[in-house]
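Novice: The structure under discussion is supplied below as structure tokens; questions concerning it will follow.
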Amino acid sequence: MVADSAQQLMADFDHIRNDFPVLATQMNGKPLAFLDSAASAQKPKAVIDAMNKVLEGGYSNIHRGLYSISQQLTADFEGVRSKVAAFINASTEKEIVFTRNSTESINLIAQSWARTHMEEGDEVILTEMEHHANIVPWQILERQIGIQIKVVPIFDDGSLDLESFETLLSEKTKLVSVVHISNATGVANPVNKINKIAKAFNPKIKVLVDGSQGVVHGKVDVQKLDCDFYVFTGHKLYGPSGIGILYGKYDILDGMSPYQGGGDMIERVSFDGTTFKEPPYRFEAGTPAIVEVIGLGAAIDYITAIGFEALEARENELRDYAHERLKEIEGLKLFGTAADKIGIFSFTLEDIHTSDAGMILDQCGVAVRAGHHCCMPLMQRFGVEGTIRASLGLYSNKADIDQLIDGLKKVKELFG
Ligand SMILES: Cc1ncc(COP(=O)(O)O)c(C=O)c1O
């Protein structure tokens, strides 16, 4: 999308709203102001249509069928693997593993790579701002084989304390696993720098980036980033749920054993022993999420057509507008005030319970999240039970933010 002025940019994006059928609906008799895209984004018609097309006119299982429908769908399915590789600039589509979601991608790395490449006393470094999906799999491994978890602290503005990170690196460090952009505060981590620091300390340290939010808000280039693993989830990227991505450098994937066993991941099976396919198929046991993969491909086409340059410019403008307007709400405390952040606004309203605020906002047609956002340790760091979180998607507009501000004023009137 080419826009020669900020106004034109806004107009182009307002047009984009028409691509999302749900945005024309109402919630509690009010226009829907959907501000929960960090949890799961709405789907454009292009994604819905692509999935329906498969279901209505060409569904079958893939990889094994000798008939035309199956062969066509296999080609389309594998075409999405190439599309994902191009989207994040992986060097080959063989580095793209289809999983269920980010959570499964991280569990796969923990149970396949880490379980065989780490031993008792080896260390994984996480940060205070991780989603539970990047904490619990390591705690399970801690119980299973006795690895140690070290945690990088954050500053009050939500940014990472890089000096502390450097002091945590040790000869026992085998993996650094860090979120690209926090889902709870919107603060971005300098993942490039983190990777460089880790590799300069010891080139053998592997770096895993949880890109669940990162891949949605800016162009990701895994080769430039030079991380070893990058994971994300389809449903935040305007695609369907049930499909996620694990990117891994090929030589690392090649040295990993399967995560699950079953059909489609084997070369030969006998009761004397089984041989496995090469990556990525080795990690894709059973019938995959065929329709969802096609939907993810359509979502990537959709975002690519808009372009990250336009997308970021629009989001930054709306983010600044929202920050200005949130200042109108007395007693509102914002968490995540670091300069490098996206359109996620996490806040409390003095003594007003986040669920009470969420309920009133619902009555006002405003969809937000209230709670810990699967980041309990981060909430503990901030000394709160939870926050109210409003998050932007590419279809968000100023009217959504205005509706949020009006709703918050109502919350203050009723509970303040
Ligand atoms: C930063 C981050 N990591 C991981 C996840 C988990 O994603 P999923 O539930 O799709 O596996 C989320 C989802 O909220 C997230 O925001």
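Just so we're on the same page: first chain in the structure tokens is A, next is B, and so on; residues restart at 1 for each chain, and ligands are numbered from 1 in the order they show up.
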Going by DSSP on the backbone, which residues of region 98-225 of chain A come out as alpha helix (DSSP H)? List them as a JSON list (two decimals) with C-alpha atoms, in the first residue's frame.

Specialist:
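Generated file (result_14.json):
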[["chain", "number", "residue", "atom", "x", "y", "z"],
["A", 102, "SER", "CA", 3.68, -20.99, 19.64],
["A", 103, "THR", "CA", 3.13, -23.04, 22.78],
["A", 104, "GLU", "CA", 3.61, -26.30, 20.94],
["A", 105, "SER", "CA", 6.64, -24.91, 19.09],
["A", 106, "ILE", "CA", 8.36, -24.08, 22.37],
["A", 107, "ASN", "CA", 7.41, -27.41, 23.94],
["A", 108, "LEU", "CA", 8.82, -29.15, 20.88],
["A", 115, "ARG", "CA", 16.06, -32.66, 26.49],
["A", 116, "THR", "CA", 18.89, -34.25, 24.53],
["A", 117, "HIS", "CA", 21.32, -31.31, 24.37],
["A", 136, "VAL", "CA", 6.35, -23.64, 31.94],
["A", 137, "PRO", "CA", 7.99, -25.90, 29.29],
["A", 138, "TRP", "CA", 11.37, -25.05, 30.90],
["A", 139, "GLN", "CA", 10.02, -25.73, 34.38],
["A", 140, "ILE", "CA", 8.84, -29.14, 33.18],
["A", 141, "LEU", "CA", 12.35, -29.79, 31.87],
["A", 142, "GLU", "CA", 13.73, -28.57, 35.19],
["A", 143, "ARG", "CA", 11.73, -31.34, 36.89],
["A", 144, "GLN", "CA", 12.58, -33.93, 34.26],
["A", 145, "ILE", "CA", 16.35, -33.50, 33.97],
["A", 162, "LEU", "CA", 20.79, -6.00, 29.36],
["A", 163, "GLU", "CA", 23.67, -5.57, 31.79],
["A", 164, "SER", "CA", 22.08, -8.12, 34.09],
["A", 165, "PHE", "CA", 21.60, -10.39, 31.11],
["A", 166, "GLU", "CA", 25.34, -10.33, 30.46],
["A", 167, "THR", "CA", 26.11, -11.19, 34.07],
["A", 168, "LEU", "CA", 23.76, -14.19, 33.94],
["A", 191, "VAL", "CA", 16.59, -9.52, 20.11],
["A", 192, "ASN", "CA", 19.35, -8.86, 17.61],
["A", 193, "LYS", "CA", 21.59, -7.48, 20.33],
["A", 194, "ILE", "CA", 20.64, -10.26, 22.76],
["A", 195, "ASN", "CA", 21.60, -12.86, 20.16],
["A", 196, "LYS", "CA", 24.93, -11.11, 19.50],
["A", 197, "ILE", "CA", 25.78, -10.84, 23.21],
["A", 198, "ALA", "CA", 24.98, -14.54, 23.77],
["A", 199, "LYS", "CA", 26.95, -15.70, 20.72],
["A", 200, "ALA", "CA", 29.92, -13.47, 21.59],
["A", 201, "PHE", "CA", 30.00, -15.06, 25.04],
["A", 214, "GLY", "CA", 6.82, -9.71, 17.06],
["A", 215, "VAL", "CA", 5.95, -11.28, 13.72],
["A", 216, "VAL", "CA", 2.65, -9.38, 13.61],
["A", 217, "HIS", "CA", 4.03, -5.90, 14.00],
["A", 222, "VAL", "CA", 15.52, -14.69, 10.73],
["A", 223, "GLN", "CA", 18.75, -14.76, 8.74],
["A", 224, "LYS", "CA", 19.60, -11.20, 9.72],
["A", 225, "LEU", "CA", 18.54, -11.91, 13.27]]

Novice: Can you tell me, as a PDB file with all heavy atoms, in the first residue's frame, what residues are no more than 9 Å from Ala357 (chain A) when counting only C-alpha atoms, ignoring any on the same chain fewer than 3 positions away?

Specialist:
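New file out.pdb:
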ATOM      1  N   LEU A 349      -6.500   1.094  37.086  1.00  0.00           N
ATOM      2  CA  LEU A 349      -7.261   2.303  37.414  1.00  0.00           C
ATOM      3  C   LEU A 349      -7.411   2.381  38.935  1.00  0.00           C
ATOM      4  O   LEU A 349      -8.452   1.999  39.472  1.00  0.00           O
ATOM      5  CB  LEU A 349      -8.657   2.254  36.778  1.00  0.00           C
ATOM      6  CG  LEU A 349      -8.735   2.233  35.247  1.00  0.00           C
ATOM      7  CD1 LEU A 349     -10.152   1.915  34.792  1.00  0.00           C
ATOM      8  CD2 LEU A 349      -8.301   3.584  34.680  1.00  0.00           C
ATOM      9  N   ILE A 352      -9.892   0.268  41.230  1.00  0.00           N
ATOM     10  CA  ILE A 352     -10.973  -0.401  40.477  1.00  0.00           C
ATOM     11  C   ILE A 352     -10.468  -1.761  39.977  1.00  0.00           C
ATOM     12  O   ILE A 352      -9.396  -1.846  39.369  1.00  0.00           O
ATOM     13  CB  ILE A 352     -11.432   0.481  39.286  1.00  0.00           C
ATOM     14  CG1 ILE A 352     -11.919   1.823  39.804  1.00  0.00           C
ATOM     15  CG2 ILE A 352     -12.496  -0.237  38.464  1.00  0.00           C
ATOM     16  CD1 ILE A 352     -12.219   2.845  38.740  1.00  0.00           C
ATOM     17  N   HIS A 353     -11.257  -2.808  40.254  1.00  0.00           N
ATOM     18  CA  HIS A 353     -10.834  -4.146  39.851  1.00  0.00           C
ATOM     19  C   HIS A 353     -10.851  -4.259  38.326  1.00  0.00           C
ATOM     20  O   HIS A 353     -11.761  -3.752  37.676  1.00  0.00           O
ATOM     21  CB  HIS A 353     -11.760  -5.202  40.475  1.00  0.00           C
ATOM     22  CG  HIS A 353     -11.115  -6.554  40.495  1.00  0.00           C
ATOM     23  ND1 HIS A 353     -11.063  -7.368  39.381  1.00  0.00           N
ATOM     24  CD2 HIS A 353     -10.466  -7.206  41.476  1.00  0.00           C
ATOM     25  CE1 HIS A 353     -10.416  -8.481  39.693  1.00  0.00           C
ATOM     26  NE2 HIS A 353     -10.035  -8.410  40.956  1.00  0.00           N
ATOM     27  N   THR A 354      -9.835  -4.938  37.796  1.00  0.00           N
ATOM     28  CA  THR A 354      -9.734  -5.018  36.328  1.00  0.00           C
ATOM     29  C   THR A 354     -10.968  -5.707  35.714  1.00  0.00           C
ATOM     30  O   THR A 354     -11.413  -5.324  34.631  1.00  0.00           O
ATOM     31  CB  THR A 354      -8.459  -5.779  35.905  1.00  0.00           C
ATOM     32  OG1 THR A 354      -8.442  -7.044  36.565  1.00  0.00           O
ATOM     33  CG2 THR A 354      -7.201  -5.009  36.263  1.00  0.00           C
ATOM     34  N   ILE A 360     -17.717  -3.345  32.351  1.00  0.00           N
ATOM     35  CA  ILE A 360     -18.352  -2.090  31.923  1.00  0.00           C
ATOM     36  C   ILE A 360     -17.948  -1.762  30.482  1.00  0.00           C
ATOM     37  O   ILE A 360     -18.782  -1.352  29.661  1.00  0.00           O
ATOM     38  CB  ILE A 360     -17.987  -0.912  32.867  1.00  0.00           C
ATOM     39  CG1 ILE A 360     -18.419  -1.229  34.302  1.00  0.00           C
ATOM     40  CG2 ILE A 360     -18.595   0.400  32.385  1.00  0.00           C
ATOM     41  CD1 ILE A 360     -19.904  -1.519  34.490  1.00  0.00           C
ATOM     42  N   LEU A 361     -16.688  -1.995  30.186  1.00  0.00           N
ATOM     43  CA  LEU A 361     -16.235  -1.741  28.810  1.00  0.00           C
ATOM     44  C   LEU A 361     -17.002  -2.630  27.831  1.00  0.00           C
ATOM     45  O   LEU A 361     -17.375  -2.186  26.737  1.00  0.00           O
ATOM     46  CB  LEU A 361     -14.724  -1.971  28.693  1.00  0.00           C
ATOM     47  CG  LEU A 361     -13.860  -0.898  29.371  1.00  0.00           C
ATOM     48  CD1 LEU A 361     -12.391  -1.319  29.390  1.00  0.00           C
ATOM     49  CD2 LEU A 361     -14.002   0.465  28.688  1.00  0.00           C
ATOM     50  N   ASP A 362     -17.261  -3.864  28.224  1.00  0.00           N
ATOM     51  CA  ASP A 362     -18.054  -4.778  27.381  1.00  0.00           C
ATOM     52  C   ASP A 362     -19.428  -4.165  27.089  1.00  0.00           C
ATOM     53  O   ASP A 362     -19.904  -4.169  25.953  1.00  0.00           O
ATOM     54  CB  ASP A 362     -18.185  -6.122  28.113  1.00  0.00           C
ATOM     55  CG  ASP A 362     -19.170  -7.061  27.448  1.00  0.00           C
ATOM     56  OD1 ASP A 362     -19.037  -7.280  26.232  1.00  0.00           O
ATOM     57  OD2 ASP A 362     -20.070  -7.586  28.140  1.00  0.00           O
ATOM     58  N   ALA A 370      -8.729  -8.364  30.564  1.00  0.00           N
ATOM     59  CA  ALA A 370      -8.463  -7.949  31.948  1.00  0.00           C
ATOM     60  C   ALA A 370      -7.912  -9.155  32.681  1.00  0.00           C
ATOM     61  O   ALA A 370      -8.498 -10.233  32.633  1.00  0.00           O
ATOM     62  CB  ALA A 370      -9.744  -7.474  32.610  1.00  0.00           C
ATOM     63  N   ILE A 388      -5.693  -4.047  32.845  1.00  0.00           N
ATOM     64  CA  ILE A 388      -6.625  -3.980  31.717  1.00  0.00           C
ATOM     65  C   ILE A 388      -5.716  -3.795  30.503  1.00  0.00           C
ATOM     66  O   ILE A 388      -4.788  -2.979  30.544  1.00  0.00           O
ATOM     67  CB  ILE A 388      -7.561  -2.766  31.856  1.00  0.00           C
ATOM     68  CG1 ILE A 388      -8.328  -2.875  33.171  1.00  0.00           C
ATOM     69  CG2 ILE A 388      -8.492  -2.650  30.655  1.00  0.00           C
ATOM     70  CD1 ILE A 388      -8.748  -1.530  33.727  1.00  0.00           C
ATOM     71  N   GLY A 407     -15.568   4.745  27.393  1.00  0.00           N
ATOM     72  CA  GLY A 407     -15.882   3.619  28.279  1.00  0.00           C
ATOM     73  C   GLY A 407     -15.145   3.735  29.606  1.00  0.00           C
ATOM     74  O   GLY A 407     -15.724   3.487  30.672  1.00  0.00           O
ATOM     75  N   LEU A 408     -13.893   4.124  29.546  1.00  0.00           N
ATOM     76  CA  LEU A 408     -13.102   4.243  30.785  1.00  0.00           C
ATOM     77  C   LEU A 408     -13.653   5.375  31.663  1.00  0.00           C
ATOM     78  O   LEU A 408     -13.652   5.266  32.897  1.00  0.00           O
ATOM     79  CB  LEU A 408     -11.632   4.501  30.456  1.00  0.00           C
ATOM     80  CG  LEU A 408     -10.881   3.300  29.845  1.00  0.00           C
ATOM     81  CD1 LEU A 408      -9.480   3.696  29.388  1.00  0.00           C
ATOM     82  CD2 LEU A 408     -10.796   2.144  30.851  1.00  0.00           C
ATOM     83  N   VAL A 411     -16.469   3.862  33.456  1.00  0.00           N
ATOM     84  CA  VAL A 411     -15.967   2.996  34.542  1.00  0.00           C
ATOM     85  C   VAL A 411     -15.631   3.866  35.754  1.00  0.00           C
ATOM     86  O   VAL A 411     -15.998   3.546  36.896  1.00  0.00           O
ATOM     87  CB  VAL A 411     -14.705   2.217  34.086  1.00  0.00           C
ATOM     88  CG1 VAL A 411     -14.074   1.470  35.252  1.00  0.00           C
ATOM     89  CG2 VAL A 411     -15.047   1.234  32.964  1.00  0.00           C
ATOM     90  N   LYS A 412     -14.957   4.985  35.516  1.00  0.00           N
ATOM     91  CA  LYS A 412     -14.557   5.884  36.610  1.00  0.00           C
ATOM     92  C   LYS A 412     -15.784   6.459  37.313  1.00  0.00           C
ATOM     93  O   LYS A 412     -15.834   6.571  38.541  1.00  0.00           O
ATOM     94  CB  LYS A 412     -13.698   7.032  36.060  1.00  0.00           C
ATOM     95  CG  LYS A 412     -12.332   6.623  35.566  1.00  0.00           C
ATOM     96  CD  LYS A 412     -11.336   6.379  36.664  1.00  0.00           C
ATOM     97  CE  LYS A 412     -11.005   7.651  37.407  1.00  0.00           C
ATOM     98  NZ  LYS A 412     -10.012   7.432  38.447  1.00  0.00           N
ATOM     99  N   PHE A 415     -17.319   3.408  39.373  1.00  0.00           N
ATOM    100  CA  PHE A 415     -16.526   2.776  40.443  1.00  0.00           C
ATOM    101  C   PHE A 415     -15.520   3.713  41.111  1.00  0.00           C
ATOM    102  O   PHE A 415     -14.919   3.346  42.110  1.00  0.00           O
ATOM    103  CB  PHE A 415     -15.755   1.564  39.898  1.00  0.00           C
ATOM    104  CG  PHE A 415     -16.620   0.419  39.468  1.00  0.00           C
ATOM    105  CD1 PHE A 415     -16.898   0.216  38.130  1.00  0.00           C
ATOM    106  CD2 PHE A 415     -17.169  -0.458  40.394  1.00  0.00           C
ATOM    107  CE1 PHE A 415     -17.694  -0.844  37.714  1.00  0.00           C
ATOM    108  CE2 PHE A 415     -17.960  -1.494  40.004  1.00  0.00           C
ATOM    109  CZ  PHE A 415     -18.234  -1.697  38.653  1.00  0.00           C
TER     110      PHE A 415
END

Novice: Looking at only C-alpha atoms, which of A:Glu324, A:Asp400, A:Asp301, A:Asp226 is the one that sits closest to Val84 (chain A)?

Specialist: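 Distance minimum relative to Val84 (chain A) lands on A:Asp301.
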
Novice: Can you build me a table of region 209-327 of chain A residues sitting at most 6 Å from region 42-61 of chain A, with the closest atom pair per residue and its distance in Å to one decimal, using only C-alpha atoms, sorted by chain and residue number, as a tab-separated table?

Specialist:
residue	atom	partner	partner_atom	distance
A:Tyr238	CA	A:Lys43	CA	5.0
A:Val291	CA	A:Met51	CA	5.7
A:Gly295	CA	A:Val47	CA	5.1
A:Ala298	CA	A:Val47	CA	5.2
A:Ala299	CA	A:Val47	CA	5.8

Novice: Taking C-alpha atoms for each residue, export the selection above as a PDB file, in the first residue's frame.

Specialist:
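Done, and the output landed in again.pdb:
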ATOM      1  CA  TYR A 238      -4.937 -12.669  11.138  1.00  0.00           C
ATOM      2  CA  VAL A 291      -7.327 -26.114   6.222  1.00  0.00           C
ATOM      3  CA  GLY A 295      -5.787 -20.026   5.962  1.00  0.00           C
ATOM      4  CA  ALA A 298      -3.971 -16.418   2.846  1.00  0.00           C
ATOM      5  CA  ALA A 299      -3.238 -14.318   5.944  1.00  0.00           C
TER       6      ALA A 299
END

Novice: Got a sec to check which residues lie within 7 Å of ligand 1, using only C-alpha atoms and all ligand atoms, and send them as a list in words?

Specialist: Ala38, Ala39, Asn101, Ser102, Thr103, Glu104, Glu130, His131, Ala133, Asn134, Val179, Ile181, Ser182, Asn183, Asp210, Gly211, Ser212, Gln213, Thr233 and His235 of chain A

Novice: Please save C-alpha atoms of the selected residues as a PDB file, in the first residue's frame.

Specialist:
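What landed in result.pdb:
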ATOM      1  CA  ALA A  38      -2.879  -9.255  21.056  1.00  0.00           C
ATOM      2  CA  ALA A  39      -4.940 -12.201  22.328  1.00  0.00           C
ATOM      3  CA  ASN A 101       0.758 -22.795  17.970  1.00  0.00           C
ATOM      4  CA  SER A 102       3.683 -20.994  19.636  1.00  0.00           C
ATOM      5  CA  THR A 103       3.126 -23.035  22.779  1.00  0.00           C
ATOM      6  CA  GLU A 104       3.614 -26.303  20.941  1.00  0.00           C
ATOM      7  CA  GLU A 130       7.883 -14.041  29.312  1.00  0.00           C
ATOM      8  CA  HIS A 131       4.477 -15.489  28.514  1.00  0.00           C
ATOM      9  CA  ALA A 133       4.327 -20.549  27.143  1.00  0.00           C
ATOM     10  CA  ASN A 134       8.001 -19.661  27.472  1.00  0.00           C
ATOM     11  CA  VAL A 179      10.153 -12.868  23.862  1.00  0.00           C
ATOM     12  CA  ILE A 181       7.610  -8.209  21.956  1.00  0.00           C
ATOM     13  CA  SER A 182       5.813  -8.523  25.287  1.00  0.00           C
ATOM     14  CA  ASN A 183       2.126  -9.384  24.929  1.00  0.00           C
ATOM     15  CA  ASP A 210       9.171 -16.104  20.910  1.00  0.00           C
ATOM     16  CA  GLY A 211       7.827 -14.044  18.020  1.00  0.00           C
ATOM     17  CA  SER A 212       4.111 -14.497  18.770  1.00  0.00           C
ATOM     18  CA  GLN A 213       3.637 -10.726  18.882  1.00  0.00           C
ATOM     19  CA  THR A 233       1.225 -18.587  16.100  1.00  0.00           C
ATOM     20  CA  HIS A 235      -4.212 -16.729  15.053  1.00  0.00           C
TER      21      HIS A 235
END

Novice: Pick out the residues sitting within 9 Å of Gln260 (chain A), and hand them over as a list in words; count only C-alpha atoms, and ignore anything fewer than 6 positions along from it in its own chain.

Specialist: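 My list of contacting residues is Leu108, Arg282, Phe283, Glu284, Ala285 and Gly286 of chain A.
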
Novice: Write the residues you've just listed into a file as a CSV table (one decimal), in the first residue's frame, and include N, CA and C atoms for each of them.

Specialist:
chain,number,residue,atom,x,y,z
A,108,LEU,N,8.1,-28.3,21.8
A,108,LEU,CA,8.8,-29.2,20.9
A,108,LEU,C,10.3,-28.9,21.1
A,282,ARG,N,9.9,-34.8,10.0
A,282,ARG,CA,10.1,-35.6,11.2
A,282,ARG,C,9.4,-35.1,12.4
A,283,PHE,N,9.0,-33.8,12.4
A,283,PHE,CA,8.4,-33.2,13.5
A,283,PHE,C,6.8,-33.0,13.3
A,284,GLU,N,6.3,-33.6,12.2
A,284,GLU,CA,4.9,-33.3,11.9
A,284,GLU,C,4.2,-34.7,11.9
A,285,ALA,N,4.1,-35.3,13.0
A,285,ALA,CA,3.4,-36.6,13.1
A,285,ALA,C,1.9,-36.5,13.0
A,286,GLY,N,1.2,-37.3,12.2
A,286,GLY,CA,-0.2,-37.3,12.1
A,286,GLY,C,-0.7,-36.3,11.0

Novice: When you draw a straight line from CA of Glu171 (chain A) to CA of Glu123 (chain A), how long is it in Å?

Specialist: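 These atoms are spaced 8.8 Å apart.
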
Novice: Quick one, how far is CA of Gly297 (chain A) from CA of Val80 (chain A)?

Specialist: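 Going from CA of Gly297 (chain A) over to CA of Val80 (chain A), I get 5.1 Å.
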
Novice: Need to verify the contact set: Leu175 (chain A), 10 Å, only C-alpha atoms, exclusion of same-chain residues closer than 5 positions in sequence. Can you return it as a PyMOL selection string?

Specialist: chain A and resi 114+117-118+122-126+149+169+198+204-208+228

Novice: Would you please work out which residue, of A:Asp340, A:Gly365, A:Arg389, A:Lys410, is nearest to Gly29 (chain A) when using only C-alpha atoms?

Specialist: A:Gly365

Novice: What lies within 9 Å of Asn397 (chain A) using only C-alpha atoms, ignoring chain neighbours under 6 positions off, as a PDB file with C-alpha atoms, in the first residue's frame?

Specialist:
ATOM      1  CA  MET A  10      -5.478   6.634   7.731  1.00  0.00           C
ATOM      2  CA  PHE A  13      -6.551   1.692   6.573  1.00  0.00           C
ATOM      3  CA  ASP A  14     -10.127   2.735   7.311  1.00  0.00           C
ATOM      4  CA  ARG A  17     -11.906  -2.447   7.974  1.00  0.00           C
ATOM      5  CA  ALA A  33     -14.485  -1.628  19.232  1.00  0.00           C
ATOM      6  CA  LEU A 318      -2.575   5.221  16.542  1.00  0.00           C
TER       7      LEU A 318
END

Novice: Name the residues of region 41-221 of chain A that come out as strand (DSSP E) in a backbone DSSP run; write them as JSON, numbers by chain.

Specialist: {"A": [96, 97, 98, 99, 123, 124, 125, 126, 127, 148, 149, 150, 151, 152, 173, 174, 175, 176, 177, 178, 179, 206, 207, 208, 209, 210]}

Novice: With a distance cut-off of 9 Å and only C-alpha atoms, select the neighbouring residues of Phe87 (chain A), excluding the residue or stretch itself and same-chain residues fewer than 2 positions from it, and output the selection as a list of chain:residue names.

Specialist: A:Ser82, A:Lys83, A:Val84, A:Ala85, A:Asn89, A:Ala90, A:Lys219, A:Val220, A:Asp221, A:Ile300, A:Thr304

Novice: With all heavy atoms kept, could you save the residues just selected as a JSON list (two decimals), in the first residue's frame?

Specialist:
[["chain", "number", "residue", "atom", "x", "y", "z"],
["A", 82, "SER", "N", 6.61, -22.70, 1.85],
["A", 82, "SER", "CA", 7.54, -21.80, 1.14],
["A", 82, "SER", "C", 7.17, -20.34, 1.41],
["A", 82, "SER", "O", 8.05, -19.48, 1.56],
["A", 82, "SER", "CB", 7.49, -22.04, -0.36],
["A", 82, "SER", "OG", 7.71, -23.39, -0.62],
["A", 83, "LYS", "N", 5.87, -20.07, 1.48],
["A", 83, "LYS", "CA", 5.41, -18.71, 1.73],
["A", 83, "LYS", "C", 5.85, -18.23, 3.12],
["A", 83, "LYS", "O", 6.28, -17.10, 3.29],
["A", 83, "LYS", "CB", 3.87, -18.74, 1.66],
["A", 83, "LYS", "CG", 3.24, -17.46, 1.28],
["A", 83, "LYS", "CD", 1.76, -17.66, 1.00],
["A", 83, "LYS", "CE", 1.50, -18.00, -0.44],
["A", 83, "LYS", "NZ", 0.08, -18.09, -0.78],
["A", 84, "VAL", "N", 5.73, -19.12, 4.10],
["A", 84, "VAL", "CA", 6.15, -18.77, 5.46],
["A", 84, "VAL", "C", 7.67, -18.53, 5.47],
["A", 84, "VAL", "O", 8.15, -17.57, 6.08],
["A", 84, "VAL", "CB", 5.79, -19.89, 6.48],
["A", 84, "VAL", "CG1", 6.37, -19.59, 7.86],
["A", 84, "VAL", "CG2", 4.27, -20.05, 6.58],
["A", 85, "ALA", "N", 8.40, -19.39, 4.77],
["A", 85, "ALA", "CA", 9.87, -19.24, 4.71],
["A", 85, "ALA", "C", 10.22, -17.86, 4.13],
["A", 85, "ALA", "O", 11.07, -17.15, 4.68],
["A", 85, "ALA", "CB", 10.48, -20.35, 3.87],
["A", 89, "ASN", "N", 12.03, -14.80, 5.83],
["A", 89, "ASN", "CA", 13.34, -14.93, 5.17],
["A", 89, "ASN", "C", 14.18, -16.08, 5.72],
["A", 89, "ASN", "O", 15.38, -15.93, 5.97],
["A", 89, "ASN", "CB", 14.13, -13.61, 5.22],
["A", 89, "ASN", "CG", 15.26, -13.62, 4.20],
["A", 89, "ASN", "OD1", 15.16, -14.27, 3.16],
["A", 89, "ASN", "ND2", 16.35, -12.94, 4.51],
["A", 90, "ALA", "N", 13.56, -17.24, 5.88],
["A", 90, "ALA", "CA", 14.33, -18.45, 6.20],
["A", 90, "ALA", "C", 15.07, -18.85, 4.93],
["A", 90, "ALA", "O", 14.62, -18.55, 3.83],
["A", 90, "ALA", "CB", 13.38, -19.56, 6.63],
["A", 219, "LYS", "N", 8.56, -6.45, 10.08],
["A", 219, "LYS", "CA", 9.20, -7.45, 9.22],
["A", 219, "LYS", "C", 10.25, -8.24, 10.02],
["A", 219, "LYS", "O", 11.14, -7.65, 10.64],
["A", 219, "LYS", "CB", 9.86, -6.73, 8.04],
["A", 219, "LYS", "CG", 10.61, -7.63, 7.11],
["A", 219, "LYS", "CD", 9.68, -8.45, 6.22],
["A", 219, "LYS", "CE", 10.45, -9.54, 5.45],
["A", 219, "LYS", "NZ", 9.63, -10.69, 5.12],
["A", 220, "VAL", "N", 10.12, -9.55, 9.99],
["A", 220, "VAL", "CA", 11.10, -10.40, 10.67],
["A", 220, "VAL", "C", 12.00, -11.03, 9.61],
["A", 220, "VAL", "O", 11.51, -11.54, 8.59],
["A", 220, "VAL", "CB", 10.38, -11.51, 11.48],
["A", 220, "VAL", "CG1", 11.37, -12.56, 11.96],
["A", 220, "VAL", "CG2", 9.64, -10.89, 12.66],
["A", 221, "ASP", "N", 13.30, -10.97, 9.86],
["A", 221, "ASP", "CA", 14.27, -11.59, 8.96],
["A", 221, "ASP", "C", 15.15, -12.50, 9.82],
["A", 221, "ASP", "O", 16.07, -12.04, 10.49],
["A", 221, "ASP", "CB", 15.10, -10.50, 8.28],
["A", 221, "ASP", "CG", 16.08, -11.06, 7.27],
["A", 221, "ASP", "OD1", 16.53, -12.22, 7.47],
["A", 221, "ASP", "OD2", 16.41, -10.37, 6.29],
["A", 300, "ILE", "N", -0.93, -14.49, 5.29],
["A", 300, "ILE", "CA", 0.40, -13.95, 4.93],
["A", 300, "ILE", "C", 0.30, -13.15, 3.63],
["A", 300, "ILE", "O", 0.87, -12.06, 3.52],
["A", 300, "ILE", "CB", 1.44, -15.10, 4.84],
["A", 300, "ILE", "CG1", 1.74, -15.60, 6.26],
["A", 300, "ILE", "CG2", 2.72, -14.63, 4.16],
["A", 300, "ILE", "CD1", 2.66, -16.78, 6.35],
["A", 304, "THR", "N", 1.17, -9.22, 3.47],
["A", 304, "THR", "CA", 2.24, -8.85, 2.54],
["A", 304, "THR", "C", 1.75, -7.80, 1.55],
["A", 304, "THR", "O", 2.49, -6.87, 1.19],
["A", 304, "THR", "CB", 2.74, -10.11, 1.78],
["A", 304, "THR", "OG1", 3.09, -11.09, 2.76],
["A", 304, "THR", "CG2", 3.96, -9.81, 0.94]]
